[in-house]
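File shown here: coords-v7.csv, holding CSV, C-alpha atoms.
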chain,number,residue,atom,x,y,z
A,1,MET,CA,105.8,135.3,79.1
A,2,GLN,CA,105.4,133.9,82.6
A,3,ALA,CA,106.5,130.4,83.3
A,4,THR,CA,103.2,128.7,84.2
A,5,THR,CA,103.7,125.4,82.5
A,6,GLY,CA,104.6,123.0,85.3
A,7,TYR,CA,106.5,120.9,82.7
A,8,ASP,CA,109.7,121.1,80.8
A,9,VAL,CA,108.9,122.8,77.5
A,10,ALA,CA,112.5,122.4,76.3
A,11,ALA,CA,112.2,118.6,76.8
A,12,ALA,CA,108.9,118.6,74.9
A,13,ARG,CA,110.5,120.5,72.1
A,14,ALA,CA,113.4,118.1,71.9
A,15,ALA,CA,111.0,115.3,70.9
A,16,LEU,CA,109.8,117.3,67.9
A,17,PRO,CA,112.4,117.2,65.0
A,18,ALA,CA,110.5,119.8,62.9
A,19,LEU,CA,111.3,122.5,65.5
A,20,ARG,CA,115.0,122.2,64.5
A,21,ASP,CA,114.0,123.3,61.0
A,22,VAL,CA,111.1,125.7,61.3
A,23,THR,CA,109.1,127.9,63.7
A,24,TYR,CA,105.9,125.9,63.8
A,25,LEU,CA,102.8,127.9,64.6
A,26,ASN,CA,100.2,125.9,62.8
A,27,VAL,CA,98.8,122.9,64.9
A,28,GLY,CA,95.4,124.4,64.1
A,29,THR,CA,95.9,122.9,60.7
A,30,GLU,CA,98.1,119.9,61.4
A,31,GLY,CA,99.8,119.0,64.6
A,32,ILE,CA,103.3,117.6,64.7
A,33,MET,CA,103.8,114.2,66.3
A,34,ALA,CA,106.3,113.6,69.1
A,35,GLU,CA,108.9,110.9,68.4
A,36,PRO,CA,107.8,108.6,71.3
A,37,VAL,CA,104.2,108.7,69.9
A,38,LEU,CA,105.5,108.2,66.3
A,39,ARG,CA,107.4,105.1,67.4
A,40,GLU,CA,104.2,103.5,68.8
A,41,HIS,CA,102.3,104.6,65.8
A,42,LEU,CA,104.7,103.1,63.3
A,43,ARG,CA,104.9,99.9,65.4
A,44,ALA,CA,101.1,99.4,65.3
A,45,VAL,CA,100.9,100.2,61.6
A,46,ALA,CA,103.8,97.9,60.8
A,47,TRP,CA,102.4,95.0,62.8
A,48,HIS,CA,99.1,95.1,61.0
A,49,GLU,CA,100.7,95.5,57.6
A,50,THR,CA,103.2,92.7,58.1
A,51,HIS,CA,100.9,90.3,59.8
A,52,GLY,CA,97.6,90.9,58.0
A,53,HIS,CA,94.5,89.2,59.3
A,54,TYR,CA,96.6,87.3,61.8
A,55,GLY,CA,97.8,90.6,63.4
A,56,GLN,CA,94.4,92.3,63.3
A,57,ALA,CA,93.2,91.2,66.7
A,58,ALA,CA,96.1,92.8,68.6
A,59,VAL,CA,95.6,96.1,66.7
A,60,LEU,CA,91.9,96.1,67.3
A,61,GLU,CA,92.6,95.8,71.0
A,62,LEU,CA,94.7,98.9,70.8
A,63,LEU,CA,92.0,100.7,68.8
A,64,GLU,CA,89.4,100.0,71.4
A,65,ALA,CA,91.9,101.2,74.1
A,66,SER,CA,92.1,104.4,72.1
A,67,ARG,CA,88.4,104.7,72.0
A,68,ALA,CA,88.2,104.3,75.7
A,69,ARG,CA,91.0,106.8,76.2
A,70,LEU,CA,89.3,109.4,74.1
A,71,ALA,CA,86.0,108.7,75.9
A,72,ARG,CA,87.7,109.5,79.2
A,73,LEU,CA,89.1,112.7,77.9
A,74,LEU,CA,85.6,113.8,76.6
A,75,ASP,CA,83.8,112.3,79.6
A,76,VAL,CA,81.4,110.3,77.4
A,77,ALA,CA,80.7,106.6,77.0
A,78,PRO,CA,82.9,104.7,74.5
A,79,ASP,CA,79.8,103.4,72.8
A,80,GLU,CA,78.9,107.0,72.0
A,81,LEU,CA,82.1,107.5,69.9
A,82,ALA,CA,82.7,106.5,66.3
A,83,LEU,CA,86.3,106.6,65.2
A,84,THR,CA,86.4,108.3,61.8
A,85,THR,CA,89.0,109.5,59.4
A,86,ASN,CA,88.6,113.2,60.3
A,87,ALA,CA,86.2,115.7,61.6
A,88,THR,CA,84.7,116.1,58.1
A,89,ASP,CA,83.5,112.5,58.2
A,90,GLY,CA,81.6,113.2,61.4
A,91,VAL,CA,79.9,116.3,59.9
A,92,ASN,CA,78.8,114.3,56.8
A,93,LEU,CA,77.6,111.4,59.0
A,94,VAL,CA,75.2,113.7,60.8
A,95,ALA,CA,74.2,115.8,57.7
A,96,PHE,CA,73.3,112.8,55.6
A,97,GLY,CA,72.3,110.4,58.4
A,98,HIS,CA,69.6,112.7,59.8
A,99,ALA,CA,66.0,112.2,58.6
A,100,TRP,CA,65.2,115.6,57.0
A,101,ALA,CA,61.7,116.6,56.1
A,102,PRO,CA,60.5,119.1,53.5
A,103,GLY,CA,61.0,122.7,54.6
A,104,ASP,CA,63.6,121.9,57.3
A,105,GLU,CA,66.3,124.4,58.0
A,106,VAL,CA,69.8,124.1,59.3
A,107,LEU,CA,71.5,127.0,61.0
A,108,LEU,CA,75.3,127.6,60.5
A,109,SER,CA,77.6,130.3,61.7
A,110,ASP,CA,79.3,132.7,59.4
A,111,GLN,CA,82.8,131.5,60.4
A,112,GLU,CA,82.6,127.8,59.7
A,113,HIS,CA,85.4,125.7,58.1
A,114,PRO,CA,84.6,124.2,54.6
A,115,ALA,CA,84.4,120.8,56.4
A,116,VAL,CA,81.1,122.2,57.8
A,117,THR,CA,79.8,124.5,55.2
A,118,PHE,CA,80.4,122.2,52.2
A,119,PRO,CA,78.4,119.2,53.4
A,120,PHE,CA,75.4,121.3,54.4
A,121,PHE,CA,75.3,123.3,51.2
A,122,ASN,CA,75.6,120.0,49.4
A,123,LEU,CA,72.5,118.9,51.4
A,124,GLN,CA,70.8,122.1,50.3
A,125,ARG,CA,71.8,121.5,46.7
A,126,GLN,CA,70.0,118.2,46.9
A,127,GLY,CA,66.9,119.9,48.2
A,128,ARG,CA,66.9,118.2,51.6
A,129,ALA,CA,67.3,121.2,53.8
A,130,GLN,CA,67.7,125.0,53.6
A,131,VAL,CA,70.8,126.6,55.1
A,132,ARG,CA,70.5,129.8,57.2
A,133,ILE,CA,73.4,131.8,58.7
A,134,PHE,CA,74.0,133.6,62.0
A,135,ARG,CA,76.9,135.9,62.8
A,136,ILE,CA,79.6,135.3,65.4
A,137,ASP,CA,80.7,138.3,67.4
A,138,PRO,CA,83.7,138.7,69.7
A,139,ASP,CA,81.1,139.4,72.5
A,140,ALA,CA,79.6,136.1,73.4
A,141,THR,CA,76.3,137.8,74.5
A,142,ARG,CA,75.9,139.2,71.0
A,143,THR,CA,76.7,135.8,69.4
A,144,LEU,CA,74.0,134.3,71.5
A,145,ALA,CA,71.5,137.0,70.6
A,146,ASN,CA,72.3,136.6,66.9
A,147,PHE,CA,71.8,132.9,67.2
A,148,ARG,CA,68.5,133.2,69.0
A,149,GLY,CA,67.3,135.7,66.4
A,150,ALA,CA,68.2,133.3,63.5
A,151,LEU,CA,66.2,130.4,64.9
A,152,THR,CA,62.9,129.8,63.2
A,153,ASP,CA,60.1,127.3,63.6
A,154,ARG,CA,61.6,125.4,60.7
A,155,THR,CA,65.1,125.1,62.3
A,156,ARG,CA,65.9,121.4,62.9
A,157,MET,CA,69.6,121.5,63.5
A,158,ALA,CA,72.2,124.1,64.5
A,159,VAL,CA,75.8,123.6,63.5
A,160,PHE,CA,78.6,125.7,64.8
A,161,SER,CA,82.3,125.5,65.7
A,162,HIS,CA,83.3,125.4,69.4
A,163,VAL,CA,86.2,127.7,68.3
A,164,SER,CA,86.2,129.7,65.1
A,165,CYS,CA,88.9,128.5,62.8
A,166,GLU,CA,89.1,132.0,61.3
A,167,THR,CA,89.4,134.3,64.3
A,168,GLY,CA,90.0,132.0,67.3
A,169,ILE,CA,86.8,133.2,69.0
A,170,ARG,CA,85.5,130.7,71.5
A,171,LEU,CA,81.8,130.4,71.1
A,172,PRO,CA,79.4,130.1,74.2
A,173,ALA,CA,78.7,126.5,73.2
A,174,ALA,CA,76.7,125.5,76.3
A,175,GLU,CA,74.5,128.5,76.0
A,176,LEU,CA,73.9,128.0,72.3
A,177,CYS,CA,73.0,124.3,72.8
A,178,ALA,CA,70.6,125.3,75.6
A,179,ALA,CA,68.9,127.9,73.4
A,180,ALA,CA,68.6,125.3,70.6
A,181,GLY,CA,67.4,122.6,72.9
A,182,ALA,CA,64.7,124.8,74.4
A,183,ARG,CA,63.2,124.9,70.9
A,184,GLY,CA,63.7,121.3,70.1
A,185,VAL,CA,66.6,122.0,67.7
A,186,LEU,CA,69.4,119.4,67.5
A,187,THR,CA,73.0,120.7,67.8
A,188,LEU,CA,76.2,119.6,66.1
A,189,VAL,CA,79.4,121.1,67.5
A,190,ASP,CA,82.6,121.1,65.5
A,191,GLY,CA,85.3,120.5,68.1
A,192,ALA,CA,88.2,120.4,65.6
A,193,GLN,CA,89.8,123.5,67.2
A,194,SER,CA,88.8,122.9,70.8
A,195,VAL,CA,89.6,119.3,71.8
A,196,GLY,CA,93.2,119.6,73.3
A,197,GLN,CA,92.9,123.4,73.9
A,198,PHE,CA,90.7,123.3,77.0
A,199,PRO,CA,88.3,120.9,78.6
A,200,VAL,CA,85.6,119.7,76.1
A,201,HIS,CA,82.8,117.6,77.6
A,202,PRO,CA,79.9,117.1,75.1
A,203,ARG,CA,77.4,116.1,77.7
A,204,ALA,CA,78.1,119.1,79.9
A,205,ILE,CA,77.9,121.4,76.8
A,206,GLY,CA,74.6,119.8,75.9
A,207,ALA,CA,75.6,118.8,72.4
A,208,ASP,CA,73.7,116.2,70.6
A,209,PHE,CA,76.6,115.6,68.3
A,210,LEU,CA,80.2,116.7,68.4
A,211,THR,CA,82.9,116.0,65.9
A,212,GLY,CA,86.7,116.4,66.1
A,213,ASN,CA,90.0,115.0,65.0
A,214,GLY,CA,93.3,113.6,66.3
A,215,HIS,CA,95.7,115.4,64.1
A,216,LYS,CA,95.4,119.0,65.3
A,217,TRP,CA,95.7,119.9,69.0
A,218,LEU,CA,96.1,116.3,70.1
A,219,CYS,CA,99.1,116.0,67.7
A,220,GLY,CA,98.1,112.5,66.9
A,221,PRO,CA,98.0,110.5,63.6
A,222,LYS,CA,96.8,112.1,60.4
A,223,GLY,CA,93.6,110.4,59.3
A,224,THR,CA,92.1,110.0,62.7
A,225,GLY,CA,88.9,111.7,63.9
A,226,PHE,CA,85.8,111.0,65.9
A,227,LEU,CA,82.1,111.6,66.1
A,228,TYR,CA,80.2,111.8,69.4
A,229,VAL,CA,76.6,110.8,69.2
A,230,ALA,CA,74.5,111.1,72.4
A,231,SER,CA,73.2,107.7,73.1
A,232,ARG,CA,69.6,108.8,72.8
A,233,HIS,CA,70.2,109.7,69.1
A,234,LEU,CA,71.9,106.5,68.0
A,235,PRO,CA,68.6,104.8,66.9
A,236,ASP,CA,67.7,107.8,64.8
A,237,LEU,CA,71.0,108.8,63.1
A,238,LEU,CA,71.1,106.1,60.4
A,239,PRO,CA,74.5,105.4,58.7
A,240,PRO,CA,74.6,106.9,55.2
A,241,TYR,CA,77.2,104.2,54.4
A,242,VAL,CA,77.2,100.6,55.6
A,243,GLY,CA,79.4,97.6,55.3
A,244,ALA,CA,81.0,94.9,57.3
A,245,GLY,CA,81.3,96.3,60.8
A,246,SER,CA,78.1,98.4,60.6
A,247,LEU,CA,75.8,95.4,61.4
A,248,THR,CA,75.5,92.9,64.2
A,249,ASN,CA,74.2,90.3,61.8
A,250,ALA,CA,76.2,90.9,58.7
A,251,ALA,CA,77.5,87.4,58.2
A,252,LEU,CA,74.1,85.8,58.9
A,253,ALA,CA,72.3,88.4,56.7
A,254,ALA,CA,74.7,87.6,53.8
A,255,ARG,CA,73.9,83.9,54.1
A,256,ARG,CA,70.2,84.5,54.0
A,257,TYR,CA,70.3,86.7,51.0
A,258,ASP,CA,68.8,84.9,48.0
A,259,GLY,CA,68.6,87.7,45.6
A,260,LEU,CA,64.8,87.9,45.8
A,261,ASP,CA,63.7,88.7,49.3
A,262,GLY,CA,66.6,90.9,50.3
A,263,ILE,CA,68.1,90.9,53.8
A,264,GLU,CA,67.2,92.1,57.2
A,265,LEU,CA,69.6,94.7,58.6
A,266,ALA,CA,70.4,95.0,62.3
A,267,PHE,CA,72.7,97.9,63.0
A,268,GLU,CA,75.4,97.8,65.6
A,269,PRO,CA,73.7,99.4,68.7
A,270,SER,CA,76.7,101.6,69.5
A,271,ALA,CA,78.4,104.4,67.4
A,272,ARG,CA,80.5,101.6,65.8
A,273,ARG,CA,77.6,101.4,63.4
A,274,TYR,CA,79.3,104.3,61.5
A,275,GLU,CA,82.5,102.3,61.1
A,276,TYR,CA,82.7,99.9,58.3
A,277,GLY,CA,85.0,98.1,55.9
A,278,THR,CA,88.8,97.4,55.9
A,279,ARG,CA,90.6,100.4,57.4
A,280,ASN,CA,94.1,101.3,58.5
A,281,LEU,CA,93.6,100.2,62.1
A,282,GLY,CA,97.1,101.1,63.2
A,283,ARG,CA,96.6,104.8,63.0
A,284,PHE,CA,93.6,104.6,65.3
A,285,ALA,CA,95.6,102.4,67.7
A,286,ALA,CA,98.1,105.3,68.1
A,287,LEU,CA,95.5,107.9,68.9
A,288,GLY,CA,95.3,106.8,72.5
A,289,GLY,CA,99.1,107.0,72.7
A,290,ALA,CA,99.0,110.6,71.6
A,291,ILE,CA,96.5,111.5,74.3
A,292,ASP,CA,98.5,109.7,76.9
A,293,TYR,CA,101.7,111.5,75.9
A,294,LEU,CA,100.1,114.9,76.3
A,295,GLU,CA,98.5,113.9,79.6
A,296,GLY,CA,102.0,113.1,80.8
A,297,PHE,CA,102.6,116.8,80.8
A,298,GLY,CA,99.3,117.5,82.6
A,299,TRP,CA,96.3,118.9,80.8
A,300,GLU,CA,95.9,121.8,83.2
A,301,ALA,CA,99.6,122.7,82.7
A,302,ILE,CA,99.2,122.5,78.9
A,303,TRP,CA,96.1,124.7,78.9
A,304,ARG,CA,97.8,127.3,81.2
A,305,HIS,CA,100.8,127.3,78.9
A,306,GLN,CA,98.8,127.8,75.8
A,307,ALA,CA,96.8,130.6,77.4
A,308,ALA,CA,100.0,132.3,78.5
A,309,CYS,CA,101.6,132.0,75.0
A,310,ALA,CA,98.4,133.3,73.4
A,311,ALA,CA,98.2,136.3,75.8
A,312,THR,CA,101.9,137.2,75.1
A,313,LEU,CA,101.4,136.8,71.4
A,314,LYS,CA,98.4,139.0,71.3
A,315,GLU,CA,100.1,141.7,73.3
A,316,ARG,CA,103.2,141.7,71.1
A,317,LEU,CA,101.3,141.6,67.8
A,318,ALA,CA,99.2,144.6,69.0
A,319,GLU,CA,102.5,146.6,69.4
A,320,LEU,CA,103.3,146.2,65.7
A,321,PRO,CA,102.5,149.2,63.4
A,322,GLY,CA,99.4,148.6,61.4
A,323,ALA,CA,98.4,145.4,63.2
A,324,THR,CA,94.9,144.5,64.3
A,325,VAL,CA,94.4,141.4,66.5
A,326,HIS,CA,91.0,139.9,65.8
A,327,THR,CA,91.0,137.3,68.6
A,328,PRO,CA,89.5,138.4,71.9
A,329,SER,CA,92.1,139.1,74.7
A,330,GLY,CA,90.4,137.1,77.4
A,331,TRP,CA,91.1,133.3,77.6
A,332,ASP,CA,87.5,132.4,78.3
A,333,ALA,CA,86.5,134.0,74.9
A,334,SER,CA,89.5,132.7,73.0
A,335,CYS,CA,92.1,130.0,72.9
A,336,GLY,CA,95.5,129.2,71.4
A,337,LEU,CA,94.5,130.4,68.0
A,338,VAL,CA,95.4,134.0,67.3
A,339,THR,CA,94.4,135.9,64.1
A,340,ALA,CA,95.8,139.2,63.1
A,341,SER,CA,95.7,141.4,60.0
A,342,PHE,CA,98.1,144.2,59.0
A,343,ARG,CA,98.2,147.6,57.1
A,344,ASP,CA,101.2,149.1,55.4
A,345,ARG,CA,102.6,152.6,56.1
A,346,ALA,CA,100.0,154.2,53.8
A,347,GLY,CA,97.2,152.4,55.7
A,348,ALA,CA,96.4,150.0,52.9
A,349,PRO,CA,95.5,146.4,54.0
A,350,LEU,CA,98.2,143.8,53.5
A,351,ASP,CA,97.2,140.7,51.6
A,352,GLY,CA,97.1,137.8,54.0
A,353,ILE,CA,97.9,135.2,51.4
A,354,ALA,CA,101.0,137.0,50.3
A,355,LEU,CA,102.1,137.7,53.9
A,356,SER,CA,101.5,134.0,54.8
A,357,ARG,CA,103.6,132.8,51.9
A,358,TRP,CA,106.4,135.2,52.7
A,359,LEU,CA,106.5,134.0,56.3
A,360,TRP,CA,106.6,130.4,55.1
A,361,ARG,CA,109.7,131.3,53.0
A,362,GLN,CA,111.2,132.5,56.2
A,363,GLY,CA,110.5,129.2,57.9
A,364,ILE,CA,107.6,130.4,60.0
A,365,ILE,CA,104.7,128.0,59.5
A,366,GLN,CA,101.2,129.4,60.0
A,367,ARG,CA,98.0,129.7,58.0
A,368,ARG,CA,96.4,132.6,56.1
A,369,VAL,CA,92.8,133.5,56.6
A,370,THR,CA,90.6,135.3,54.1
A,371,GLU,CA,88.0,136.8,56.5
A,372,PRO,CA,89.6,138.8,58.1
A,373,ASN,CA,92.4,139.1,55.5
A,374,GLY,CA,95.3,138.1,57.6
A,375,ILE,CA,97.2,135.2,59.2
A,376,ARG,CA,96.4,132.7,61.9
A,377,LEU,CA,98.9,131.5,64.5
A,378,SER,CA,98.6,128.5,66.8
A,379,CYS,CA,100.1,128.4,70.3
A,380,ALA,CA,100.6,124.8,71.2
A,381,TYR,CA,102.0,122.9,74.2
A,382,PHE,CA,105.5,123.2,72.7
A,383,THR,CA,105.4,126.9,71.8
A,384,ASP,CA,107.9,129.0,73.6
A,385,GLU,CA,109.0,132.6,73.8
A,386,SER,CA,111.7,132.1,71.1
A,387,ASP,CA,108.9,131.2,68.6
A,388,ILE,CA,107.1,134.4,69.4
A,389,ASP,CA,110.3,136.5,69.4
A,390,ARG,CA,111.2,135.2,65.9
A,391,LEU,CA,107.7,135.8,64.5
A,392,ILE,CA,107.5,139.3,65.8
A,393,ALA,CA,111.0,140.2,64.6
A,394,THR,CA,110.3,138.8,61.2
A,395,LEU,CA,107.0,140.6,60.9
A,396,ARG,CA,108.6,143.9,62.1
A,397,GLU,CA,111.3,143.5,59.4
A,398,HIS,CA,108.6,143.0,56.8
A,399,LEU,CA,106.5,146.0,58.0
A,400,ASP,CA,109.6,148.3,58.4
A,401,SER,CA,110.6,147.5,54.8
A,402,GLY,CA,107.4,148.9,53.5
A,403,ALA,CA,105.9,145.5,53.1
A,404,SER,CA,106.9,145.5,49.5
A,405,ARG,CA,107.9,141.9,49.2
If you convert what's in this file into structure tokens, what do you get?
Amino acid sequence: MQATTGYDVAAARAALPALRDVTYLNVGTEGIMAEPVLREHLRAVAWHETHGHYGQAAVLELLEASRARLARLLDVAPDELALTTNATDGVNLVAFGHAWAPGDEVLLSDQEHPAVTFPFFNLQRQGRAQVRIFRIDPDATRTLANFRGALTDRTRMAVFSHVSCETGIRLPAAELCAAAGARGVLTLVDGAQSVGQFPVHPRAIGADFLTGNGHKWLCGPKGTGFLYVASRHLPDLLPPYVGAGSLTNAALAARRYDGLDGIELAFEPSARRYEYGTRNLGRFAALGGAIDYLEGFGWEAIWRHQAACAATLKERLAELPGATVHTPSGWDASCGLVTASFRDRAGAPLDGIALSRWLWRQGIIQRRVTEPNGIRLSCAYFTDESDIDRLIATLREHLDSGASR
């Protein structure tokens, strides 16, 4: 693997205690937080917990700084960002905040995470929209053709992952959004597996909505996410849940309520309208710190490093007997997620669940995938050649043994 980082990977690894215990190839599920970020995270949480309402103002300032920091990373306005608990929150806010009409259809890809499929099939179960599916292909041209062919006059929204969580295929998001927009179809892009992997700019992509989280590739606090809502859609995407924080006139409205005439609601004009109630503000305060920490290495350097690691990993996996790499080889069509499946000496498919569990017992942390039936590996900013060496050696041992374990 060529040294293309421009930063000290060994120093980055030294700040991650988990790497002393395991080979961690699973930031696509949950990132691991560096100790300097953790200290700031715990400090913010502790301050709010020990100082209560008195300490809230200081933590709110940090939260707004995190919103602004995330907005700069995404090249959007802070007012277009709602800070949520996770990417799933963002999907649900769009699914149940949009005004659906009878006969409306929503178009999903065939490689979506349950965080996307479950909310929209729940919407279908309630009779509010009909779900249709288009197929992702390793060839972006075919994906685009499949997408266009699946659009109908009833399609009101298209929802797809920027990066497939199953295969690591990078979808042609800008082209898909343009094709949808040309037919008046709204787009929701799931950025859970893209933000932190390569530049993600919702406006440039042309997305109407984009959801993501802080706990994967940004290696920030668990329980942090975001929803981008293009400013032109803020008046139309009504909050499915409201509470203190959702309204500009909440206190006044409460005083006017007499139990007979009801109250007049005035929603917060920004994406803060989707934030409500008492929350653990400290975890949001640390999101900006996680972004700043990674930026200290240089985003371009991180992306080059992840690309180099993924290229090496794919090459070495392909050399194993019975291995099939399902992630495209080129970086523009892929990312740091790499999915592979395996066959035994007799040519029978190995069960991905069993293989994943066996690797976990060897201290190699990754995730199984069901379609294709294999394992998914994540190349992060801290991944180095020793991680890949250990993985390949362990897989080779398993395959050479007849994969009988």
Protein and nucleic acid residues near (79.4, 128.2, 74.1) (cut-off 9 Å, all atoms listed in the file) as a PyMOL selection string: chain A and resi 140+144+162-163+170-177+205
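Closest approach to A:Pro269 among A:Ala15, A:Cys309, A:Leu63, A:Ala82 is made by A:Ala82 (distances from all atoms listed in the file).
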Using all atoms listed in the file, can you tell me which of A:Asn86, A:Asn26, A:Thr383, A:Ser334 comes closest to A:Gln197?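 When distances to A:Gln197 are compared using all atoms listed in the file, the smallest one comes from A:Ser334.
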List every protein, DNA or RNA residue that has an atom no more than 10 Å from (73.9, 118.9, 79.1) in the file's coordinate frame, counting all atoms listed in the file, and report them as a PyMOL selection string. chain A and resi 174+177-178+181+201-208
Looking at A:Asp139, A:Ala290, A:Arg72, A:Phe342, which one is nearest to A:Pro36, with distances taken over only C-alpha atoms?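 Ranking A:Asp139, A:Ala290, A:Arg72, A:Phe342 by distance to A:Pro36, first place goes to A:Ala290.
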A:Ala115, A:Val76, A:Ile291, A:Leu313 ranked by distance to A:Arg390, top pick (using all atoms listed in the file):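 Using all atoms listed in the file, A:Arg390 sits closest to A:Leu313.
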So which residues touch A:Gly282 within 8 Å, counting only C-alpha atoms, skipping near sequence neighbours fewer than 5 positions away, as a PyMOL selection string? chain A and resi 41-42+44-46+48+59+63
Those residues you just picked out, can you put them in a file as a CSV table (one decimal), keeping the file's coordinate frame with C-alpha atoms?
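In the end it all went to result02.csv:
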chain,number,residue,atom,x,y,z
A,41,HIS,CA,102.3,104.6,65.8
A,42,LEU,CA,104.7,103.1,63.3
A,44,ALA,CA,101.1,99.4,65.3
A,45,VAL,CA,100.9,100.2,61.6
A,46,ALA,CA,103.8,97.9,60.8
A,48,HIS,CA,99.1,95.1,61.0
A,59,VAL,CA,95.6,96.1,66.7
A,63,LEU,CA,92.0,100.7,68.8
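You will find atom CA of A:Ile364 at 6.1 Å from atom CA of A:Tyr24.
Checking A:Phe96, A:Ala393, A:Gln126, A:Glu166 one by one against A:Arg368, counting all atoms listed in the file, you find the shortest gap at A:Glu166.
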Measuring atom to atom with all atoms listed in the file, identify which of A:Thr84, A:Leu317, A:Gln362, A:Tyr381 is nearest to A:Asp21. A:Gln362
So how many Å separate atom CA of A:Thr394 and atom CA of A:Leu359, to one decimal?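 A separation of 7.8 Å between them.
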